[in-house]
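J.: Following this message is one structure expressed as structure tokens.
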Amino acid sequence: MSARLKPRPVRIVPTRDRAAKAAALVLHSWWGLTASFTDYADRLAAAGITAGLSDLMEGQTPRTEAAARALRKAPRAEPMYRSLQRDLRDLREAAGTDSVAVIGFSMGAHWAVWLSQQPNNPIRHVVLYYGARGGDFSNSRASYLAHFAGDDPWVSASARRSMERALARAARPCTSCDYPGTGHWFAEPAQRGSFDAVAAERAFARTLDFLA
């Protein structure tokens, strides 16, 4: 039997702005905690936002879809949702704030939505990159910003509509942005075949405006 993946503590990237109280938990895609996300967190910190980086793949960064699928399904010493709840708590304590934002990419976007739906999580802003998840948003207190690729077989139009309708029923604010000509992973530089620098920069700027 293979060893169970052990949870890793959240990695905190502090901002140099000592007066800043904003904080954001960054949830990576199934490619693991690559430079795409550590660099993203560094940019958040430079903008005055304390960033937390969850590592749900025990430091591993699969290079193929098959390896990513296998790693996502690998036995775990602690369920993902418990690791994420702890990461959220530890980030709040490190940043000295009672509320945080959550930014999720693909797989991480699904978890970002889930976290925001839990009644005891003080999440005020949720940013989704090429990810959609429906469900009950009645316990959410967050506003949502969703970045969607123009051509994305991983996120169906029906999944997107389902989420947007569920958010509307719960009266939660949601802004959806489309990036024509892009595909899934367009905001991750490590995915060279899919990365779109112009679209990624536009999405990041919109994210900062949203968090502000």
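To be explicit about the labels: the chains of the structure tokens are called A, B, and onward in the order shown, and within each one the residues are counted from 1, while ligands get numbers from 1 in the order they are shown.
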Pull the strand (DSSP E) assignments for region 77-114 of chain A out of DSSP run on the backbone, and list those residues as a ChimeraX atom specification.
T.: /A:100-105
J.: May I have the residues within 7 Å of region 118-125 of chain A as a count of residues only, using only C-alpha atoms and disregarding those fewer than 4 positions away in the same chain?
T.: 13
J.: Determine, counting only C-alpha atoms, which protein, DNA and RNA residues have an atom within 9 Å of an atom of Gly96 (chain A); residues of the same chain fewer than 6 positions away are not included. Present the result as JSON, numbers by chain.
T.: {"A": [21, 22, 23]}
J.: Could the residues in this selection be saved with C-alpha atoms as a PDB file, in the first residue's frame?
T.:
```
ATOM      1  CA  LYS A  21      -4.813  43.676   7.001  1.00  0.00           C
ATOM      2  CA  ALA A  22      -5.931  42.117   3.728  1.00  0.00           C
ATOM      3  CA  ALA A  23      -5.242  38.397   3.318  1.00  0.00           C
TER       4      ALA A  23
END
```
J.: Restricting the calculation to only C-alpha atoms, which member of A:Gly134, A:Gly48, A:Gly108, A:Pro14 is positioned closest to Ser162 (chain A)?
T.: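 Of the candidates, the smallest distance to Ser162 (chain A) is held by A:Gly134.
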J.: Hey, which bits of region 109-192 of chain A sit within 12 Å of region 77-83 of chain A, and for each residue what's the closest pair of atoms and how far apart in Å (one decimal), counting only C-alpha atoms, rows by chain and increasing number, as a Markdown table?
T.:
```
| residue | atom | partner | partner_atom | distance |
| --- | --- | --- | --- | --- |
| A:His110 | CA | A:Tyr81 | CA | 11.2 |
| A:Trp111 | CA | A:Tyr81 | CA | 7.9 |
| A:Ala112 | CA | A:Tyr81 | CA | 10.3 |
| A:Val113 | CA | A:Tyr81 | CA | 11.7 |
| A:Trp114 | CA | A:Tyr81 | CA | 8.7 |
| A:Leu115 | CA | A:Tyr81 | CA | 8.2 |
| A:Ser116 | CA | A:Tyr81 | CA | 11.9 |
| A:Gln118 | CA | A:Tyr81 | CA | 10.8 |
```
J.: If you keep C-alpha atoms, can you produce a file of those selected residues as a CSV table (one decimal), in the first residue's frame?
T.:
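Once everything was written out, this is result.csv:
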```csv
chain,number,residue,atom,x,y,z
A,110,HIS,CA,-13.9,24.1,-6.6
A,111,TRP,CA,-12.5,24.1,-3.1
A,112,ALA,CA,-12.7,27.9,-3.0
A,113,VAL,CA,-16.4,27.7,-3.6
A,114,TRP,CA,-16.8,25.0,-1.1
A,115,LEU,CA,-15.0,27.0,1.6
A,116,SER,CA,-17.2,30.0,0.9
A,118,GLN,CA,-19.5,26.8,4.9
```
